[in-house]
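Asker: Here you go, this is input-v1.cif (mmCIF, C-alpha atoms).
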data_work
#
loop_
_atom_site.label_atom_id
_atom_site.label_comp_id
_atom_site.auth_asym_id
_atom_site.auth_seq_id
_atom_site.Cartn_x
_atom_site.Cartn_y
_atom_site.Cartn_z
CA MET X 1 98.02 71.18 42.97
CA LYS X 2 101.71 72.05 43.10
CA LEU X 3 103.51 74.89 41.43
CA SER X 4 105.37 72.33 39.31
CA ASP X 5 102.03 71.31 37.79
CA LEU X 6 101.89 74.66 35.98
CA SER X 7 103.67 75.06 32.67
CA ARG X 8 106.11 77.95 32.48
CA ALA X 9 103.83 79.74 30.02
CA ARG X 10 100.86 79.35 32.35
CA LEU X 11 102.92 80.54 35.31
CA VAL X 12 104.05 83.66 33.41
CA THR X 13 100.41 84.36 32.49
CA CYS X 14 99.28 83.95 36.11
CA LEU X 15 102.06 86.21 37.38
CA ARG X 16 101.07 88.89 34.87
CA GLY X 17 97.39 88.50 35.66
CA GLU X 18 95.59 87.48 38.82
CA GLY X 19 98.78 86.24 40.49
CA VAL X 20 100.18 82.97 41.79
CA TRP X 21 98.72 82.01 45.16
CA LEU X 22 101.34 80.01 46.95
CA SER X 23 100.92 78.19 50.24
CA LEU X 24 103.97 78.60 52.41
CA SER X 25 102.05 77.13 55.32
CA PRO X 26 101.37 78.92 57.65
CA PHE X 27 101.06 81.79 55.18
CA VAL X 28 99.55 82.24 51.76
CA VAL X 29 101.26 84.71 49.50
CA CYS X 30 99.89 86.10 46.25
CA ILE X 31 102.68 87.01 43.82
CA GLN X 32 102.19 89.13 40.71
CA SER X 33 104.96 90.18 38.37
CA ASP X 34 105.79 91.29 34.85
CA VAL X 35 109.37 90.00 35.19
CA PRO X 36 109.49 86.77 33.13
CA ALA X 37 112.70 85.54 34.75
CA LEU X 38 110.89 85.42 38.07
CA ALA X 39 108.83 82.50 36.74
CA ASP X 40 112.03 80.52 36.16
CA ARG X 41 113.23 81.16 39.71
CA LEU X 42 109.85 80.20 41.19
CA ILE X 43 109.86 76.95 39.21
CA GLU X 44 113.37 76.16 40.47
CA MET X 45 112.73 77.05 44.10
CA TYR X 46 109.03 76.47 44.80
CA ALA X 47 108.22 73.49 42.55
CA ASP X 48 107.10 71.34 45.50
CA PHE X 49 104.91 73.96 47.15
CA ALA X 50 101.12 73.79 46.99
CA LEU X 51 99.09 76.33 45.09
CA VAL X 52 95.98 77.85 46.57
CA PRO X 53 92.99 78.70 44.36
CA SER X 54 93.23 82.30 43.20
CA GLY X 55 90.94 84.62 45.08
CA ALA X 56 91.38 82.75 48.36
CA PHE X 57 92.63 84.64 51.39
CA ALA X 58 96.27 85.65 51.10
CA ASP X 59 98.28 86.96 54.02
CA PHE X 60 100.55 88.95 51.73
CA HIS X 61 99.94 90.44 48.29
CA ILE X 62 103.26 91.10 46.60
CA GLU X 63 103.97 92.63 43.22
CA LEU X 64 107.32 92.92 41.51
CA ARG X 65 107.02 95.38 38.66
CA ARG X 66 109.56 96.51 36.12
CA GLY X 67 110.46 100.16 36.40
CA ARG X 68 108.56 102.56 34.21
CA GLY X 69 109.75 105.14 31.68
CA LEU X 70 113.47 105.17 30.95
CA ARG X 71 114.07 102.67 33.77
CA ARG X 72 112.43 100.08 31.58
CA TRP X 73 115.33 100.32 29.15
CA ILE X 74 118.30 102.05 30.74
CA ARG X 75 119.70 100.17 33.73
CA PRO X 76 116.29 98.55 34.23
CA GLN X 77 114.93 98.27 37.73
CA VAL X 78 112.30 96.36 39.65
CA ASP X 79 109.87 97.74 42.24
CA PHE X 80 108.47 95.80 45.20
CA HIS X 81 104.85 96.51 46.10
CA PHE X 82 103.21 95.20 49.25
CA ASP X 83 99.42 95.39 49.29
CA GLY X 84 99.67 97.70 46.30
CA VAL X 85 102.09 100.13 47.94
CA PRO X 86 105.74 100.59 46.81
CA THR X 87 107.68 99.45 49.84
CA PHE X 88 111.41 99.54 49.12
CA HIS X 89 113.82 101.43 46.93
CA PRO X 90 113.92 99.84 43.46
CA LEU X 91 116.72 97.37 42.74
CA PRO X 92 118.41 96.36 39.49
CA LEU X 93 116.15 94.08 37.47
CA ASP X 94 118.42 91.04 37.82
CA GLN X 95 117.84 91.20 41.60
CA ALA X 96 114.09 90.64 41.23
CA TYR X 97 114.09 87.18 42.77
CA PRO X 98 116.34 87.95 45.76
CA MET X 99 114.17 91.03 46.27
CA LEU X 100 111.08 88.81 46.40
CA GLU X 101 112.68 86.67 49.11
CA TRP X 102 113.99 89.61 51.14
CA GLY X 103 110.70 91.44 50.77
CA LEU X 104 108.75 88.38 51.86
CA ASN X 105 110.98 88.11 54.93
CA TRP X 106 110.13 91.71 55.71
CA CYS X 107 106.40 91.07 55.24
CA ILE X 108 106.46 88.16 57.67
CA ALA X 109 108.77 89.76 60.25
CA SER X 110 106.74 92.99 60.23
CA HIS X 111 103.26 91.52 60.33
CA ALA X 112 103.07 87.96 61.66
CA HIS X 113 102.96 88.91 65.31
CA GLN X 114 100.88 85.88 66.20
CA TYR X 115 104.36 84.29 66.44
CA LEU X 116 107.49 85.23 68.33
CA ILE X 117 109.86 85.66 65.39
CA VAL X 118 113.57 85.18 65.79
CA HIS X 119 116.27 85.74 63.18
CA ALA X 120 117.46 82.16 63.14
CA ALA X 121 117.80 79.03 61.07
CA VAL X 122 115.94 75.97 62.36
CA VAL X 123 116.49 72.32 61.49
CA GLU X 124 114.92 69.23 63.00
CA ARG X 125 115.63 65.57 63.48
CA SER X 126 113.48 62.98 65.31
CA GLY X 127 111.00 65.65 66.32
CA LYS X 128 113.59 67.84 68.02
CA ALA X 129 114.48 71.22 66.63
CA VAL X 130 117.79 73.08 66.73
CA ILE X 131 117.34 76.85 66.69
CA MET X 132 120.40 78.66 65.37
CA PRO X 133 120.26 82.42 65.87
CA ALA X 134 123.19 84.32 64.42
CA PRO X 135 124.16 87.68 63.02
CA PRO X 136 125.06 87.92 59.30
CA GLY X 137 128.39 86.36 58.46
CA ALA X 138 128.35 83.73 61.19
CA GLY X 139 127.86 80.87 58.74
CA LYS X 140 124.29 80.12 59.80
CA SER X 141 122.83 79.60 56.32
CA THR X 142 125.81 77.57 55.11
CA LEU X 143 125.51 75.26 58.10
CA CYS X 144 121.74 75.05 57.67
CA ALA X 145 122.10 74.20 53.95
CA ALA X 146 124.61 71.46 54.73
CA LEU X 147 122.50 69.96 57.52
CA VAL X 148 119.37 69.69 55.36
CA HIS X 149 121.43 67.70 52.88
CA ARG X 150 122.45 65.29 55.64
CA GLY X 151 119.10 64.16 56.93
CA TRP X 152 117.98 67.14 58.96
CA ARG X 153 114.63 68.68 58.08
CA LEU X 154 114.53 72.35 57.13
CA LEU X 155 112.14 74.42 59.21
CA SER X 156 113.58 77.81 58.36
CA ASP X 157 116.68 79.54 57.11
CA GLU X 158 115.94 83.08 58.29
CA LEU X 159 112.83 83.33 60.45
CA ALA X 160 112.12 81.00 63.37
CA LEU X 161 108.39 81.20 64.07
CA LEU X 162 107.61 80.27 67.69
CA ASP X 163 104.01 79.44 68.47
CA VAL X 164 103.15 81.48 71.56
CA ASP X 165 100.80 78.85 72.99
CA SER X 166 102.54 75.55 72.35
CA GLY X 167 106.16 76.74 72.09
CA HIS X 168 106.56 74.73 68.88
CA VAL X 169 108.56 75.98 65.92
CA ILE X 170 106.25 76.38 62.93
CA PRO X 171 107.92 75.34 59.66
CA LEU X 172 108.65 77.95 57.03
CA ALA X 173 110.76 75.84 54.71
CA ARG X 174 111.53 78.47 52.09
CA PRO X 175 114.69 78.63 49.96
CA ILE X 176 118.00 79.12 51.76
CA ASN X 177 119.85 82.32 51.02
CA LEU X 178 123.55 81.66 50.32
CA LYS X 179 126.09 84.42 49.97
CA ASN X 180 129.51 84.77 48.38
CA ARG X 181 131.87 81.85 49.13
CA SER X 182 129.04 79.80 50.66
CA ILE X 183 127.64 79.25 47.17
CA GLU X 184 130.67 77.27 45.99
CA ILE X 185 131.05 75.57 49.37
CA ILE X 186 127.52 74.17 49.18
CA ARG X 187 127.90 73.28 45.49
CA ARG X 188 130.89 71.13 46.43
CA PHE X 189 129.26 69.75 49.57
CA ALA X 190 125.94 68.85 47.93
CA PRO X 191 126.44 68.51 44.16
CA ASP X 192 122.78 67.55 43.67
CA ALA X 193 121.48 70.67 45.37
CA VAL X 194 119.44 73.01 43.16
CA LEU X 195 120.62 76.60 43.29
CA THR X 196 119.55 79.66 41.37
CA PRO X 197 122.14 81.33 39.15
CA PRO X 198 124.16 83.69 41.36
CA VAL X 199 123.14 87.34 41.36
CA HIS X 200 126.08 89.70 41.63
CA ASP X 201 126.55 93.05 43.33
CA THR X 202 123.55 92.91 45.64
CA ARG X 203 123.70 94.72 48.97
CA LYS X 204 124.65 91.35 50.47
CA GLY X 205 127.29 90.62 47.85
CA ARG X 206 126.85 87.68 45.49
CA VAL X 207 123.76 85.65 46.36
CA ALA X 208 122.12 82.42 45.23
CA LEU X 209 119.13 80.62 46.68
CA LEU X 210 118.98 76.93 47.45
CA ARG X 211 115.85 74.93 46.84
CA PRO X 212 114.40 73.44 50.04
CA PRO X 213 114.46 69.62 50.16
CA ALA X 214 111.21 68.06 48.91
CA ASP X 215 110.73 66.17 52.19
CA SER X 216 110.92 69.41 54.19
CA VAL X 217 108.26 70.95 51.94
CA ARG X 218 106.09 67.82 52.16
CA ARG X 219 106.19 68.05 55.97
CA ILE X 220 105.58 71.77 56.09
CA ASP X 221 102.58 71.30 58.39
CA GLU X 222 104.58 69.42 61.05
CA PRO X 223 105.81 71.70 63.83
CA ALA X 224 108.69 70.65 66.06
CA MET X 225 109.63 71.21 69.67
CA PRO X 226 112.87 73.15 70.29
CA ALA X 227 115.46 71.02 72.04
CA TRP X 228 118.67 72.95 71.42
CA ILE X 229 119.69 76.55 70.95
CA VAL X 230 122.98 76.75 69.07
CA PHE X 231 124.89 79.93 68.22
CA PRO X 232 127.02 78.97 65.20
CA LYS X 233 130.24 80.67 64.27
CA TYR X 234 132.37 79.83 61.27
CA GLN X 235 136.06 80.12 62.12
CA ALA X 236 138.54 78.95 59.49
CA GLY X 237 140.87 76.27 60.74
CA THR X 238 138.96 75.37 63.89
CA GLN X 239 137.61 71.96 64.83
CA ALA X 240 133.87 71.62 65.24
CA CYS X 241 133.08 72.12 68.90
CA PHE X 242 129.98 72.64 71.02
CA ARG X 243 130.53 74.67 74.20
CA PRO X 244 127.70 74.85 76.76
CA PHE X 245 126.36 78.39 76.96
CA SER X 246 124.52 80.28 79.67
CA LYS X 247 120.71 80.11 79.47
CA GLY X 248 120.45 83.63 80.81
CA GLN X 249 122.69 85.05 78.13
CA THR X 250 120.96 82.89 75.53
CA CYS X 251 117.68 84.50 76.57
CA LEU X 252 119.14 87.96 75.99
CA ARG X 253 120.72 87.06 72.67
CA ILE X 254 117.50 85.55 71.36
CA ALA X 255 115.59 88.63 72.48
CA GLN X 256 118.10 90.75 70.57
CA GLU X 257 117.74 88.56 67.47
CA SER X 258 113.94 88.69 67.66
CA PHE X 259 111.91 90.95 65.38
CA ASN X 260 108.97 91.32 67.74
CA TYR X 261 110.01 90.36 71.28
CA ASP X 262 109.18 93.90 72.40
CA ILE X 263 105.73 93.70 70.84
CA HIS X 264 104.89 90.56 72.80
CA GLY X 265 105.95 92.16 76.08
CA ARG X 266 105.51 89.92 79.10
CA ALA X 267 104.21 87.07 76.93
CA GLY X 268 107.41 87.18 74.87
CA PHE X 269 109.53 86.85 78.01
CA GLU X 270 107.41 83.95 79.22
CA ILE X 271 107.53 82.12 75.87
CA LEU X 272 111.27 82.50 75.69
CA THR X 273 112.03 81.44 79.25
CA ARG X 274 109.61 78.51 79.01
CA MET X 275 111.38 77.36 75.86
CA LEU X 276 114.78 77.65 77.53
CA ASP X 277 113.61 75.42 80.39
CA HIS X 278 113.54 72.57 77.89
CA CYS X 279 116.56 73.43 75.74
CA ASP X 280 120.28 72.88 76.00
CA CYS X 281 122.25 75.91 74.87
CA TYR X 282 125.59 75.95 73.09
CA GLU X 283 128.03 78.06 71.18
CA PHE X 284 129.25 76.14 68.16
CA SER X 285 132.36 76.91 66.17
CA TYR X 286 133.35 75.09 63.02
CA GLY X 287 135.88 75.35 60.24
CA GLU X 288 134.85 72.44 58.02
CA LEU X 289 131.33 71.35 57.12
CA GLU X 290 132.10 67.62 57.36
CA ASP X 291 133.30 68.09 60.93
CA ALA X 292 130.21 70.11 61.70
CA MET X 293 127.95 67.35 60.33
CA GLN X 294 129.57 64.77 62.60
CA ALA X 295 129.24 67.06 65.59
CA PHE X 296 125.54 67.60 64.89
CA ALA X 297 124.98 63.88 64.38
CA ALA X 298 126.55 63.29 67.79
CA LEU X 299 124.35 66.00 69.29
CA ALA X 300 121.23 64.34 67.90
CA ALA X 301 122.38 60.94 69.12
CA SER X 302 123.06 62.27 72.62
CA SER X 303 119.42 63.05 73.35
CA MET B 1 129.20 101.61 97.85
CA THR B 2 126.15 102.58 99.89
CA ASP B 3 126.91 103.85 103.39
CA SER B 4 125.26 102.53 106.55
CA LEU B 5 122.46 105.11 106.25
CA HIS B 6 121.86 104.24 102.63
CA ARG B 7 120.47 100.77 102.47
CA LEU B 8 119.47 98.78 99.41
CA GLN B 9 116.57 96.42 99.03
CA LEU B 10 115.10 94.34 96.23
CA GLU B 11 112.28 96.10 94.39
CA GLU B 12 109.20 94.24 95.51
CA GLY B 13 106.40 96.23 93.94
CA GLY B 14 105.85 93.58 91.27
CA ARG B 15 107.77 95.49 88.62
CA PHE B 16 110.07 92.59 87.69
CA LEU B 17 109.61 89.00 86.62
CA ILE B 18 112.68 86.97 87.50
CA LYS B 19 113.47 83.65 85.90
CA THR B 20 116.30 81.66 87.41
CA TRP B 21 118.43 78.85 86.00
CA GLY B 22 120.93 77.57 88.56
CA ASP B 23 123.11 80.46 89.71
CA GLU B 24 122.06 82.92 86.98
CA ALA B 25 118.82 84.59 86.00
CA VAL B 26 117.07 87.07 83.75
CA ALA B 27 114.82 89.86 84.99
CA TYR B 28 112.01 91.26 82.86
CA ASP B 29 110.98 94.83 83.63
CA LEU B 30 107.22 95.11 83.20
CA LEU B 31 107.55 98.89 83.19
CA SER B 32 110.09 99.33 80.41
CA GLY B 33 109.90 95.98 78.62
CA ASP B 34 113.66 95.55 79.04
CA THR B 35 115.22 92.19 79.86
CA HIS B 36 118.35 92.09 82.01
CA PHE B 37 120.87 89.33 82.61
CA LEU B 38 121.72 88.59 86.23
CA ASP B 39 125.10 86.92 86.61
CA PRO B 40 125.77 84.79 89.71
CA LEU B 41 126.90 87.82 91.74
CA SER B 42 123.82 89.86 90.78
CA LEU B 43 121.54 86.95 91.58
CA ALA B 44 123.21 86.38 94.96
CA ILE B 45 122.73 90.07 95.77
CA THR B 46 119.06 90.11 94.79
CA ARG B 47 118.45 87.00 96.89
CA TYR B 48 120.19 88.53 99.88
CA LEU B 49 118.23 91.77 99.55
CA SER B 50 114.85 90.11 99.19
CA GLY B 51 112.64 91.47 101.95
CA THR B 52 115.44 93.18 103.89
CA ALA B 53 117.35 96.40 103.29
CA ARG B 54 121.12 96.13 103.78
CA SER B 55 124.05 98.49 103.71
CA GLY B 56 126.92 98.14 101.27
CA GLU B 57 129.15 96.83 104.05
CA GLU B 58 126.66 94.17 104.99
CA ILE B 59 126.34 93.10 101.37
CA ALA B 60 130.12 92.88 100.95
CA ASP B 61 130.49 90.92 104.20
CA HIS B 62 127.72 88.52 103.23
CA LEU B 63 129.20 87.84 99.81
CA ALA B 64 132.69 87.45 101.23
CA SER B 65 131.61 84.92 103.83
CA ASN B 66 129.10 82.98 101.73
CA PHE B 67 130.52 83.12 98.21
CA ASP B 68 134.27 83.49 98.77
CA LEU B 69 134.18 86.92 97.13
CA PRO B 70 137.66 88.42 97.65
CA THR B 71 137.77 91.69 99.56
CA ASP B 72 140.51 93.30 97.49
CA GLU B 73 139.93 96.67 95.90
CA HIS B 74 139.24 95.24 92.44
CA SER B 75 136.50 92.95 93.77
CA LEU B 76 134.93 95.75 95.77
CA ASP B 77 134.94 97.94 92.66
CA TYR B 78 133.19 95.16 90.76
CA LEU B 79 130.64 94.79 93.55
CA HIS B 80 130.09 98.54 93.56
CA ALA B 81 129.58 98.55 89.79
CA THR B 82 127.14 95.64 90.07
CA LEU B 83 125.10 97.37 92.79
CA SER B 84 125.04 100.56 90.74
CA ARG B 85 123.83 98.67 87.69
CA LEU B 86 121.09 96.85 89.62
CA GLU B 87 120.02 100.16 91.14
CA ALA B 88 120.08 101.89 87.76
CA ILE B 89 117.77 99.31 86.21
CA GLY B 90 115.43 99.62 89.18
CA LEU B 91 115.88 96.12 90.54
CA LEU B 92 117.38 97.49 93.77
CA VAL B 93 115.89 100.49 95.53
CA VAL B 94 117.39 102.73 98.21
CA LYS B 95 115.81 102.66 101.63
CA SER B 96 116.81 105.49 103.94
CA ALA B 97 117.42 104.57 107.60
#
In structure tokens, what does this structure look like?
Answerer:
Amino acid sequence: MKLSDLSRARLVTCLRGEGVWLSLSPFVVCIQSDVPALADRLIEMYADFALVPSGAFADFHIELRRGRGLRRWIRPQVDFHFDGVPTFHPLPLDQAYPMLEWGLNWCIASHAHQYLIVHAAVVERSGKAVIMPAPPGAGKSTLCAALVHRGWRLLSDELALLDVDSGHVIPLARPINLKNRSIEIIRRFAPDAVLTPPVHDTRKGRVALLRPPADSVRRIDEPAMPAWIVFPKYQAGTQACFRPFSKGQTCLRIAQESFNYDIHGRAGFEILTRMLDHCDCYEFSYGELEDAMQAFAALAASS
Amino acid sequence: MTDSLHRLQLEEGGRFLIKTWGDEAVAYDLLSGDTHFLDPLSLAITRYLSGTARSGEEIADHLASNFDLPTDEHSLDYLHATLSRLEAIGLLVVKSA
């Protein structure tokens, strides 16, 4: 059963009651909320995801609750609870859905230490994955959103999950977080893409989330082998260009972009260096998405 | 630069894991959990100092004759800084004569 099989009314009832048990493969998350608008966002973004019978094991129990007392009426707020415990400062009520996504990122990055987790987007074509680590503002999510609308499969927008035994990237094809100008850029680039209404004045500026392609969700159980590490950088006015990059420095940059490299210790170093043995590493600058798409198509064809 | 009585050698107590790709490498410190990048000069030094302690002069001479490292003041300063860094992270250790 998929989330889209539930009526909105039923979804709202589930959120208010026992929760919605959503399979993000490899995680199950139980979401409860008394914020009705959250149901609309879940329908838009997670329609293709499978539901798990309520009461099954869930990796993360998340609640988004409207503020109590005056905060219910005056500048209303929403609270994020993880396993029943308030976890973050409350946010304005209209930020409930972005808060769910950010909070879920935190849950995974802070707890899923069975994986080496890197702050990176990952896309795949013909069984080969491109891992794109980047700091905020580098254009990683914009590039990722464009690629998944040009035949690349989405494995992740934010969190690359590396299996410590096989070295595969485990898919986590959740919605893509777009910020500020990227929202209009992707609307123009992919007019059929489904985006949430933008939320203004968040700590990341204006944000909207992009629904993951149905095919990426359908193949959410198919891991992929990393073949390329690409550090993207948006630079207005530049031509799309891949420049080979040092494996040693790539190793350090990935370690820096990892949430739990230090926790894995020696095993983390070995996973990372083993992966780099089989990957080509590049810095990638681009100024126009169409150029970038051609450059990535050429990259895929070169292998 | 180390003098002739102060000789440097690669740490060989099993503290580091070194992974090499071509002329560069990374070193993982099992003691601290830190990972360090070894550029071609650093890697050449660690290779030269594997199993044998050498003075600063010997290291400079070896690099000059084998890797075309210039012997001007700027290059020697860079070599000095590199040796200091490798010593600071524990990859090179001082052996007294």
Asker: Every residue with an atom at most 12 Å from (119.2, 68.4, 42.6) (file coordinates; all atoms listed in the file) is what I'm after, so could you write them as a ChimeraX atom specification?
Answerer: /X:44-45,149,187,190-196,210-214
Asker: Determine, counting only C-alpha atoms, which protein, DNA and RNA residues have an atom within 10 Å of an atom of Gly55 (chain X); residues of the same chain fewer than 5 positions away are not included. Present the result as a PyMOL selection string.
Answerer: chain X and resi 18-21+30
Asker: Kindly indicate which residue among X:Pro198, X:Pro171, X:Pro244, X:Gly265 lies nearest to Pro26 (chain X), using all atoms listed in the file for the distances.
Answerer: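 Using all atoms listed in the file, Pro26 (chain X) sits closest to X:Pro171.
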Asker: Per residue of chain B within 10 Å of chain X, which atom pair is closest and at what distance in Å (one decimal), using only C-alpha atoms, listed by chain and increasing number, as a Markdown table?
Answerer:
| residue | atom | partner | partner_atom | distance |
| --- | --- | --- | --- | --- |
| B:Leu17 | CA | X:Arg266 | CA | 8.6 |
| B:Ile18 | CA | X:Thr273 | CA | 10.0 |
| B:Lys19 | CA | X:Thr273 | CA | 7.2 |
| B:Thr20 | CA | X:Gly248 | CA | 8.0 |
| B:Trp21 | CA | X:Lys247 | CA | 7.0 |
| B:Gly22 | CA | X:Lys247 | CA | 9.4 |
| B:Asp23 | CA | X:Gly248 | CA | 9.8 |
| B:Glu24 | CA | X:Gly248 | CA | 6.4 |
| B:Ala25 | CA | X:Gly248 | CA | 5.5 |
| B:Val26 | CA | X:Gly248 | CA | 5.6 |
| B:Ala27 | CA | X:Phe269 | CA | 9.3 |
| B:Tyr28 | CA | X:Phe269 | CA | 7.0 |
| B:Asp29 | CA | X:Arg266 | CA | 8.6 |
| B:Leu30 | CA | X:Arg266 | CA | 6.8 |
| B:Leu31 | CA | X:Gly265 | CA | 9.9 |
| B:Ser32 | CA | X:Gly265 | CA | 9.3 |
| B:Gly33 | CA | X:Gly265 | CA | 6.1 |
| B:Asp34 | CA | X:Asp262 | CA | 8.2 |
| B:Thr35 | CA | X:Leu252 | CA | 6.9 |
| B:His36 | CA | X:Leu252 | CA | 7.3 |
| B:Phe37 | CA | X:Gly248 | CA | 6.0 |
| B:Leu38 | CA | X:Gly248 | CA | 7.5 |
| B:Asp39 | CA | X:Gly248 | CA | 8.1 |
Asker: CA of Ala81 (chain B) and CA of Leu8 (chain B), how far apart in Å?
Answerer: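 About the pair CA of Leu8 (chain B) and CA of Ala81 (chain B): they are 14.0 Å apart.
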Asker: Using all atoms listed in the file, which protein or nucleic acid residues come within 6 Å of region 176-186 of chain X? Drop anything in the same chain fewer than 3 positions from it, and give the result as a list in words.
Answerer: Thr142, Asp157, Phe189, Ala190, Arg206, Val207, Ala208, Leu209 and Leu210 of chain X
Asker: Could you complete region 177-190 of chain X so that it carries N, CA, C and O atoms, and give it back as a CSV table (one decimal), in the frame of the given file?
Answerer:
chain,number,residue,atom,x,y,z
X,177,ASN,N,119.1,81.2,51.6
X,177,ASN,CA,119.8,82.3,51.0
X,177,ASN,C,121.4,82.2,51.3
X,177,ASN,O,121.8,82.3,52.4
X,178,LEU,N,122.1,81.8,50.2
X,178,LEU,CA,123.6,81.7,50.3
X,178,LEU,C,124.3,82.9,49.7
X,178,LEU,O,123.8,83.4,48.7
X,179,LYS,N,125.4,83.2,50.4
X,179,LYS,CA,126.1,84.4,50.0
X,179,LYS,C,127.6,84.1,49.7
X,179,LYS,O,128.2,83.3,50.4
X,180,ASN,N,128.1,84.7,48.7
X,180,ASN,CA,129.5,84.8,48.4
X,180,ASN,C,130.1,83.4,48.4
X,180,ASN,O,129.6,82.5,47.7
X,181,ARG,N,131.2,83.1,49.2
X,181,ARG,CA,131.9,81.8,49.1
X,181,ARG,C,131.0,80.7,49.5
X,181,ARG,O,131.3,79.5,49.1
X,182,SER,N,129.9,80.9,50.3
X,182,SER,CA,129.0,79.8,50.7
X,182,SER,C,128.4,79.1,49.5
X,182,SER,O,128.1,77.9,49.5
X,183,ILE,N,128.3,79.8,48.4
X,183,ILE,CA,127.6,79.2,47.2
X,183,ILE,C,128.5,78.1,46.7
X,183,ILE,O,128.0,77.0,46.4
X,184,GLU,N,129.8,78.3,46.5
X,184,GLU,CA,130.7,77.3,46.0
X,184,GLU,C,130.8,76.2,47.0
X,184,GLU,O,130.9,75.0,46.7
X,185,ILE,N,130.9,76.6,48.3
X,185,ILE,CA,131.0,75.6,49.4
X,185,ILE,C,129.9,74.6,49.3
X,185,ILE,O,130.1,73.3,49.4
X,186,ILE,N,128.7,75.1,49.2
X,186,ILE,CA,127.5,74.2,49.2
X,186,ILE,C,127.4,73.4,47.9
X,186,ILE,O,127.1,72.2,47.8
X,187,ARG,N,127.9,74.0,46.8
X,187,ARG,CA,127.9,73.3,45.5
X,187,ARG,C,128.8,72.1,45.6
X,187,ARG,O,128.5,71.0,45.1
X,188,ARG,N,130.0,72.3,46.3
X,188,ARG,CA,130.9,71.1,46.4
X,188,ARG,C,130.3,70.1,47.4
X,188,ARG,O,130.5,68.9,47.3
X,189,PHE,N,129.7,70.6,48.5
X,189,PHE,CA,129.3,69.8,49.6
X,189,PHE,C,128.1,68.9,49.1
X,189,PHE,O,127.9,67.7,49.5
X,190,ALA,N,127.2,69.5,48.4
X,190,ALA,CA,125.9,68.8,47.9
X,190,ALA,C,125.8,69.1,46.4
X,190,ALA,O,125.0,69.9,46.0
